Structure formats: C-alpha cells, structure tokens
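Contents: one structure, followed by commentary.
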Amino acid sequence: MGEKRAGPYFCGIDAAMDVVGGKWKSLILWELDSHGVRRFGELRRGLPGVSEKMLIQQLRELEEDEIVSREIYREVPPRVEYRLTDLGVALNAALQPLGTWGRDRIDRIGADRVHQGG
C-alpha cells in the first residue's frame, strides 16, 4: 500500500484534512453513513463521476487510516463489503457541522445539487 501519512501537522485540522482531503473521501463517508454497509458497485453507483481506480485508491487510504473496514466473503463470485469503523462514525459526527454549513452555503448562493438515481 501507500506510504502511511503521519505528520508532522500544524494543527488538528491539518491532521483531519490529511484523512478526508480530496473530493471523494468525504463523499464515501457520507454514502457509508447514509446506507451502513455498501458493496463496491453500490458505492460507485452512489458516487456519480468517481472512477473505479480513484474509488479503490480512496477506499484503501480510508482503510489504512482505520476509518473504513473491508470484509471479504469467500463466495463465488467474491463479495466485498465496506462499512464505517467506530473512528469513521466519530469522524462523520465531527463533519456534520461542516455539512450543515455547506448546505446553508448551497442555499445562500443558489447552487444546483446533484440528484442521484435509485
């Protein structure tokens, strides 16, 4: 896997953004928080625009940071499920005020929202 990110950091926000930085990680957290357990294909369908390569990379980093757990079921075909760990649940709780601020910004500036299917 990749090189473990371990600082040094300027502050707590710097350390937190190292874990959730980028567009897709926070959306992966939101998707898992909204639906509990998701298979890879379900995550990909729930995140329009993410490439398979990017989703794999982001999931690996979140797993490495112990935010997401991956369970592999030895079946044919193999089934892999992703869920938030306790650290992931705590991180989502910490991000909730930021999400509220963002929803208020969407309303304030009149931005369009992405509408997801099924």
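Labeling convention for the structure tokens: chains A, B, ... as they appear, residues from 1 per chain, ligands from 1 in order of appearance.
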May I have the residues within 10 Å of stretch 86-102 of chain A as a list of chain:residue names, using only C-alpha atoms and disregarding those fewer than 3 positions away in the same chain?
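The neighbour list is A:Ala16, A:Val19, A:Val20, A:Ser26, A:Leu29, A:Trp30, A:Leu32, A:Asp33, A:Leu62, A:Glu63, A:Asp65, A:Glu66, A:Ile67, A:Val68, A:Ser69, A:Arg83, A:Arg105, A:Ile106, A:Asp107, A:Arg108.
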Please return, as a PyMOL selection string, all residues of chain A that DSSP assigns to helix (DSSP H, G or I) on the basis of the backbone.
chain A and resi 12-20+23-35+40-46+52-64+86-109
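For A:Gly7, the set of protein, DNA and RNA residues having any atom at most 9 Å away, when counting only C-alpha atoms and skipping those fewer than 5 positions along the same chain, is Asp14, Ala15 and Asp18 of chain A.
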Ranking A:Asp104, A:Glu75, A:Glu52, A:Glu61 by minimum distance to A:Gly21 and counting only C-alpha atoms, which one comes first?
A:Glu61
Within 12 Å of A:Arg39, counting only C-alpha atoms, which residues show up once you throw out same-chain ones fewer than 2 positions away? Write them as a ChimeraX atom specification, please.
/A:28,31-32,35-37,41-46,55-56,59,69-73,78-83
Could the residues in this selection be saved with N, CA and C atoms as a tab-separated table (two decimals), in the first residue's frame?
```tsv
chain	number	residue	atom	x	y	z
A	28	ILE	N	-17.52	9.35	0.24
A	28	ILE	CA	-17.54	7.93	0.63
A	28	ILE	C	-18.06	7.81	2.06
A	31	GLU	N	-21.78	8.42	2.06
A	31	GLU	CA	-22.50	7.29	1.48
A	31	GLU	C	-22.58	6.13	2.48
A	32	LEU	N	-21.48	5.83	3.16
A	32	LEU	CA	-21.49	4.75	4.15
A	32	LEU	C	-22.31	5.11	5.38
A	35	HIS	N	-26.03	4.69	4.29
A	35	HIS	CA	-26.50	3.36	3.92
A	35	HIS	C	-25.94	2.23	4.78
A	36	GLY	N	-25.03	2.51	5.69
A	36	GLY	CA	-24.46	1.46	6.53
A	36	GLY	C	-23.40	0.68	5.79
A	37	VAL	N	-23.76	-0.45	5.28
A	37	VAL	CA	-22.83	-1.33	4.58
A	37	VAL	C	-23.06	-1.19	3.08
A	41	GLY	N	-19.66	-1.90	-5.95
A	41	GLY	CA	-20.52	-1.42	-7.03
A	41	GLY	C	-21.58	-0.45	-6.54
A	42	GLU	N	-22.11	-0.69	-5.34
A	42	GLU	CA	-23.10	0.21	-4.77
A	42	GLU	C	-22.48	1.57	-4.47
A	43	LEU	N	-21.25	1.54	-3.93
A	43	LEU	CA	-20.55	2.80	-3.67
A	43	LEU	C	-20.32	3.56	-4.98
A	44	ARG	N	-19.88	2.85	-5.98
A	44	ARG	CA	-19.58	3.51	-7.27
A	44	ARG	C	-20.84	4.12	-7.87
A	45	ARG	N	-21.96	3.40	-7.81
A	45	ARG	CA	-23.22	3.95	-8.34
A	45	ARG	C	-23.70	5.13	-7.50
A	46	GLY	N	-23.42	5.11	-6.21
A	46	GLY	CA	-23.85	6.19	-5.33
A	46	GLY	C	-23.00	7.45	-5.43
A	55	LEU	N	-11.84	5.32	-6.75
A	55	LEU	CA	-12.59	4.77	-5.62
A	55	LEU	C	-11.77	3.73	-4.88
A	56	ILE	N	-11.09	2.87	-5.62
A	56	ILE	CA	-10.23	1.86	-4.99
A	56	ILE	C	-9.15	2.54	-4.16
A	59	LEU	N	-10.69	4.23	-1.00
A	59	LEU	CA	-11.10	3.21	-0.02
A	59	LEU	C	-9.89	2.60	0.68
A	69	SER	N	-13.78	-0.18	7.21
A	69	SER	CA	-13.34	-1.58	7.24
A	69	SER	C	-13.87	-2.28	6.00
A	70	ARG	N	-13.11	-3.26	5.55
A	70	ARG	CA	-13.46	-4.03	4.37
A	70	ARG	C	-13.55	-5.49	4.78
A	71	GLU	N	-14.66	-6.11	4.46
A	71	GLU	CA	-14.84	-7.52	4.77
A	71	GLU	C	-15.02	-8.28	3.45
A	72	ILE	N	-14.21	-9.31	3.28
A	72	ILE	CA	-14.25	-10.13	2.08
A	72	ILE	C	-14.92	-11.44	2.42
A	73	TYR	N	-15.95	-11.78	1.67
A	73	TYR	CA	-16.66	-13.04	1.84
A	73	TYR	C	-16.17	-14.00	0.78
A	78	PRO	N	-16.73	-13.51	-5.46
A	78	PRO	CA	-16.38	-12.93	-4.15
A	78	PRO	C	-17.22	-11.68	-3.87
A	79	ARG	N	-17.57	-11.51	-2.60
A	79	ARG	CA	-18.34	-10.35	-2.18
A	79	ARG	C	-17.48	-9.57	-1.19
A	80	VAL	N	-17.39	-8.27	-1.40
A	80	VAL	CA	-16.62	-7.39	-0.52
A	80	VAL	C	-17.55	-6.30	-0.04
A	81	GLU	N	-17.58	-6.09	1.27
A	81	GLU	CA	-18.43	-5.06	1.85
A	81	GLU	C	-17.59	-4.06	2.63
A	82	TYR	N	-18.00	-2.80	2.56
A	82	TYR	CA	-17.33	-1.70	3.26
A	82	TYR	C	-18.29	-1.11	4.27
A	83	ARG	N	-17.76	-0.74	5.42
A	83	ARG	CA	-18.55	-0.08	6.45
A	83	ARG	C	-17.65	0.85	7.24
```
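Between atom CA of A:Gly49 and atom CA of A:Lys23 the separation is 10.8 Å.
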Taking the backbone alone, and naming residues the way the document does, which bits of chain A are strand (DSSP E or B) by DSSP, as a PyMOL selection string?
chain A and resi 38-39+68-73+79-84
I need the chosen residues saved as a compact mmCIF listing (two decimals), in the first residue's frame, with N, CA and C atoms.
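Contents of the output file part-v1.txt:
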```txt
# COMPACT_ATOMS: atom_id res chain seq x y z
N ARG A 38 -21.96 -1.08 2.32
CA ARG A 38 -22.08 -0.97 0.86
C ARG A 38 -21.05 -1.87 0.20
N ARG A 39 -21.46 -2.48 -0.90
CA ARG A 39 -20.53 -3.19 -1.75
C ARG A 39 -19.88 -2.18 -2.68
N VAL A 68 -12.57 3.12 7.53
CA VAL A 68 -13.45 2.18 6.84
C VAL A 68 -12.89 0.78 7.02
N SER A 69 -13.78 -0.18 7.21
CA SER A 69 -13.34 -1.58 7.24
C SER A 69 -13.87 -2.28 6.00
N ARG A 70 -13.11 -3.26 5.55
CA ARG A 70 -13.46 -4.03 4.37
C ARG A 70 -13.55 -5.49 4.78
N GLU A 71 -14.66 -6.11 4.46
CA GLU A 71 -14.84 -7.52 4.77
C GLU A 71 -15.02 -8.28 3.45
N ILE A 72 -14.21 -9.31 3.28
CA ILE A 72 -14.25 -10.13 2.08
C ILE A 72 -14.92 -11.44 2.42
N TYR A 73 -15.95 -11.78 1.67
CA TYR A 73 -16.66 -13.04 1.84
C TYR A 73 -16.17 -14.00 0.78
N ARG A 79 -17.57 -11.51 -2.60
CA ARG A 79 -18.34 -10.35 -2.18
C ARG A 79 -17.48 -9.57 -1.19
N VAL A 80 -17.39 -8.27 -1.40
CA VAL A 80 -16.62 -7.39 -0.52
C VAL A 80 -17.55 -6.30 -0.04
N GLU A 81 -17.58 -6.09 1.27
CA GLU A 81 -18.43 -5.06 1.85
C GLU A 81 -17.59 -4.06 2.63
N TYR A 82 -18.00 -2.80 2.56
CA TYR A 82 -17.33 -1.70 3.26
C TYR A 82 -18.29 -1.11 4.27
N ARG A 83 -17.76 -0.74 5.42
CA ARG A 83 -18.55 -0.08 6.45
C ARG A 83 -17.65 0.85 7.24
N LEU A 84 -18.28 1.79 7.94
CA LEU A 84 -17.52 2.70 8.80
C LEU A 84 -17.08 1.96 10.05
```
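If you measure from each of A:His115, A:Arg103, A:Arg60, A:Arg74 to A:Pro48 using only C-alpha atoms, the closest one turns out to be A:His115.
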Do you have the atom CA of A:Asp112-atom CA of A:Val50 distance handy?
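Atom-to-atom, atom CA of A:Asp112 to atom CA of A:Val50, that is 18.8 Å.
A straight line drawn from atom CA of A:Leu47 to atom CA of A:Trp24 is 8.2 Å long.
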